[in-house]
Every structure is written in C-alpha cells, then in structure tokens.
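Note sheet for the following structure.
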Amino acid sequence: MGRTSWQWISVLTTIAIGICAGVVLEEPDCPPGLPFVNCTLSPCDVDAAVCEAFPDALCRADYCGGCVAKFYDRHDDGTEVHCELDVGIICENKNTTLSCVDNSHVMTVVSAMYGRQSDQVCRHPYGQEKLHNDTNCSAKNATEIVTGLCDGQYSCHPTANNAVFGDPCYGTYKYLEVDFTCDLPDAANAPISVLGPFIVVFAVCLSLHANNLV
C-alpha cells in the first residue's frame, strides 16, 4: 500500500529535521569495536567544540564509538591535531603521537590511566554533567597496554577507545593519560638507528686492526 500525502510529509519533515540537527542519515563504515552512534546533534555544531592548542583547526564529526568532535589541520586536512594542552592526555576516540623531544632518547612508560579521574579534563562538547561525573573510573590494564605500545620507542601512536582498553565506566566520556620519561636507550636493546654509528666505527677499527696484522 502506498504512502498517503500526509505520510510523505511526515517522512520528509523528519529528514529535514535530521539534516538541520546534524543527525547522521547514512551510517559510516566504522572499525570493529567502535559501533556507529546516530547522534541527534553534530558535536561540531556546539559552542564548546573548540581546539585549545589549534584554534583554527577544522572540526569534523566522528560517529564511530560516540559523538566525537575531531580536529584537523586546515592546511593539511588529512592530519588530525592534538587539541589538549597536556601532551600526555588523549580524549576518548581520539589519538595522537607521543614522543620524546630529543630523538636520541626513548620512552619509558611510568603509568597510564584510561577512564576518568577529573571532571575538568577532556570535557565533551555536549557539556552534559552525566558524561563527566564518574571520576573514580580506570581500566585495570591501561599501563600494561601502553607499555607494550610505547616503551622503548622514540614515539608511539596510541588510540584512546574502548576497543583497546575495554569500557571501565559505561556512559562516561573517558580519556587516556600517559606518564612517561625520556631516557637514553639501553645499548643491549637500542634500536639500530642508535647503534648504527657505533657499529660503523667499530667495523672500521676492526678492519684497520686486521690490516695492521697482515
């Protein structure tokens, strides 16, 4: 049976409201562990959707795993920027590169926390208090996971989401906090780029010594 004119008006009105409100009408291809969320309002359309570290960054809504405002470099829109002023903080469903300033040093992970221990860190653009109220929330295996990803590396690129760490507090907007130091690499486990100059010099010395013995 075909739709009546009033039914068509209702359908078109719903679509129009959805478009105006920022509702995602076409489900994106989300990665495993991050289900599509049909948000009633685009997280980029609220006043709180700002990027502190890069105020002119371009906001793009991401509906995989939540209603997330992600920010990208306007001059290179394929590069996501890290908006948090603290380099060790990564808001839920975002990622960034953690690294040592001195590229001769490697990372040693001291601790990592995925959850929420402050109601002021990584505020969701929607600003709903229920998203931030649980401040006694942390995944048990966060330090172990981040250590496996970052320890002994010059840089690493962790993603803060439930697919990686599990969900320690359902309904709370979470963040990953990583505390790490930058240290000279252990020679026994140093990457080849650090040992390279030593290996070359050592090989030359051996060669010269061998020639002197002939």
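Residues in the structure tokens are numbered from 1 in each chain, the chains being A, B, ... in the order shown, and ligands are numbered from 1 in the order shown.
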Contact residues around Arg74 of chain A with only C-alpha atoms at 12 Å, ignoring same-chain residues under 6 positions, as a list in words: Phe54, Pro55, Asp56, Ala57, Leu58, Cys59, Arg60, Glu80 and Val81 of chain A
What does the file look like for those residues with all heavy atoms, as a short mmCIF file (atom, residue, chain, number, x, y, z; two decimals), in the first residue's frame?
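And here's part.cif as it stands now:
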data_model
loop_
_atom_site.label_atom_id
_atom_site.label_comp_id
_atom_site.auth_asym_id
_atom_site.auth_seq_id
_atom_site.Cartn_x
_atom_site.Cartn_y
_atom_site.Cartn_z
N PHE A 54 45.04 24.33 18.82
CA PHE A 54 44.99 24.80 17.44
C PHE A 54 43.61 25.43 17.18
O PHE A 54 42.71 24.79 16.64
CB PHE A 54 45.22 23.65 16.46
CG PHE A 54 46.58 23.02 16.57
CD1 PHE A 54 46.80 21.95 17.43
CD2 PHE A 54 47.65 23.50 15.83
CE1 PHE A 54 48.05 21.36 17.54
CE2 PHE A 54 48.91 22.92 15.93
CZ PHE A 54 49.11 21.86 16.80
N PRO A 55 43.42 26.69 17.59
CA PRO A 55 42.10 27.34 17.50
C PRO A 55 41.52 27.40 16.08
O PRO A 55 40.30 27.47 15.92
CB PRO A 55 42.36 28.75 18.04
CG PRO A 55 43.58 28.61 18.90
CD PRO A 55 44.41 27.57 18.22
N ASP A 56 42.37 27.39 15.05
CA ASP A 56 41.85 27.49 13.69
C ASP A 56 41.70 26.12 13.01
O ASP A 56 41.48 26.05 11.80
CB ASP A 56 42.77 28.39 12.84
CG ASP A 56 44.16 27.79 12.66
OD1 ASP A 56 44.53 26.92 13.48
OD2 ASP A 56 44.87 28.20 11.72
N ALA A 57 41.81 25.05 13.79
CA ALA A 57 41.69 23.70 13.22
C ALA A 57 40.27 23.45 12.72
O ALA A 57 39.30 24.03 13.20
CB ALA A 57 42.08 22.66 14.25
N LEU A 58 40.16 22.58 11.73
CA LEU A 58 38.87 22.24 11.12
C LEU A 58 38.23 21.10 11.89
O LEU A 58 38.83 20.05 12.10
CB LEU A 58 39.10 21.83 9.66
CG LEU A 58 37.87 21.39 8.86
CD1 LEU A 58 36.91 22.55 8.67
CD2 LEU A 58 38.31 20.82 7.51
N CYS A 59 36.98 21.29 12.33
CA CYS A 59 36.25 20.28 13.10
C CYS A 59 35.47 19.35 12.17
O CYS A 59 34.77 19.81 11.27
CB CYS A 59 35.30 20.94 14.09
SG CYS A 59 34.44 19.76 15.17
N ARG A 60 35.60 18.06 12.41
CA ARG A 60 34.83 17.07 11.68
C ARG A 60 34.22 16.09 12.67
O ARG A 60 34.91 15.54 13.53
CB ARG A 60 35.71 16.30 10.69
CG ARG A 60 36.15 17.14 9.50
CD ARG A 60 37.03 16.31 8.58
NE ARG A 60 37.41 17.06 7.38
CZ ARG A 60 38.28 16.63 6.49
NH1 ARG A 60 38.85 15.44 6.64
NH2 ARG A 60 38.58 17.35 5.44
N GLU A 80 45.18 14.77 11.77
CA GLU A 80 44.43 15.12 12.98
C GLU A 80 45.38 15.79 13.96
O GLU A 80 46.53 15.37 14.13
CB GLU A 80 43.84 13.86 13.61
CG GLU A 80 42.96 14.16 14.82
CD GLU A 80 42.35 12.90 15.44
OE1 GLU A 80 42.50 11.81 14.85
OE2 GLU A 80 41.72 13.03 16.50
N VAL A 81 44.92 16.87 14.59
CA VAL A 81 45.77 17.60 15.52
C VAL A 81 45.38 17.26 16.96
O VAL A 81 44.26 16.84 17.24
CB VAL A 81 45.67 19.13 15.30
CG1 VAL A 81 46.16 19.51 13.92
CG2 VAL A 81 44.24 19.62 15.50
#
Surrounding residues of segment 158-174 of chain A excluding itself and chain neighbours under 4 positions, 6 Å, only C-alpha atoms, as a short mmCIF file (atom, residue, chain, number, x, y, z; two decimals) with N, CA, C and O atoms, in the first residue's frame:
data_model
loop_
_atom_site.label_atom_id
_atom_site.label_comp_id
_atom_site.auth_asym_id
_atom_site.auth_seq_id
_atom_site.Cartn_x
_atom_site.Cartn_y
_atom_site.Cartn_z
N GLY A 33 34.67 -2.83 17.02
CA GLY A 33 34.75 -2.35 18.40
C GLY A 33 34.28 -0.93 18.60
O GLY A 33 34.18 -0.47 19.74
N GLU A 92 38.81 10.43 24.62
CA GLU A 92 38.24 9.19 24.08
C GLU A 92 37.94 9.29 22.59
O GLU A 92 37.44 10.30 22.11
N ASN A 93 38.25 8.20 21.89
CA ASN A 93 38.05 8.06 20.45
C ASN A 93 38.94 8.99 19.63
O ASN A 93 38.66 9.27 18.47
N LYS A 94 40.00 9.46 20.25
CA LYS A 94 40.99 10.25 19.52
C LYS A 94 42.35 9.58 19.66
O LYS A 94 42.53 8.65 20.44
N ASN A 95 43.31 10.05 18.89
CA ASN A 95 44.66 9.52 19.00
C ASN A 95 45.65 10.64 18.75
O ASN A 95 45.31 11.68 18.21
N GLY A 115 40.17 6.14 31.53
CA GLY A 115 38.93 6.26 32.29
C GLY A 115 38.65 7.73 32.55
O GLY A 115 38.75 8.56 31.66
N ARG A 116 38.35 8.06 33.79
CA ARG A 116 38.16 9.47 34.17
C ARG A 116 38.45 9.63 35.64
O ARG A 116 37.87 8.94 36.48
N LEU A 131 28.19 12.92 31.67
CA LEU A 131 29.31 12.36 30.92
C LEU A 131 30.62 12.48 31.68
O LEU A 131 31.62 11.86 31.30
N HIS A 132 30.65 13.29 32.76
CA HIS A 132 31.90 13.60 33.46
C HIS A 132 31.85 13.32 34.95
O HIS A 132 32.85 13.51 35.65
N SER A 138 38.77 3.72 36.02
CA SER A 138 40.02 3.46 35.30
C SER A 138 40.10 2.00 34.88
O SER A 138 39.69 1.11 35.63
N ALA A 139 40.60 1.77 33.68
CA ALA A 139 40.79 0.42 33.18
C ALA A 139 42.00 -0.22 33.87
O ALA A 139 43.03 0.43 34.03
#
Nearest-residue call for Leu184 of chain A, choices A:Ile145, A:Val106, A:Leu34, A:Cys100, using only C-alpha atoms: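 For Leu184 of chain A, the nearest of the candidates is A:Val106.
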Strand (DSSP E) per DSSP on the backbone: members of segment 37-174 of chain A, as a VMD selection string: chain A and resid 58 to 62 68 to 73 76 to 80 89 to 91 94 to 95 98 to 99 106 to 116 137 to 138 155 to 156 159 to 160
Given only C-alpha atoms as the counted atoms, nearest of A:Pro125, A:Gly78, A:Gly88, A:Gly66 to Cys44 of chain A: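 The shortest atom-to-atom distance to Cys44 of chain A comes from A:Pro125.
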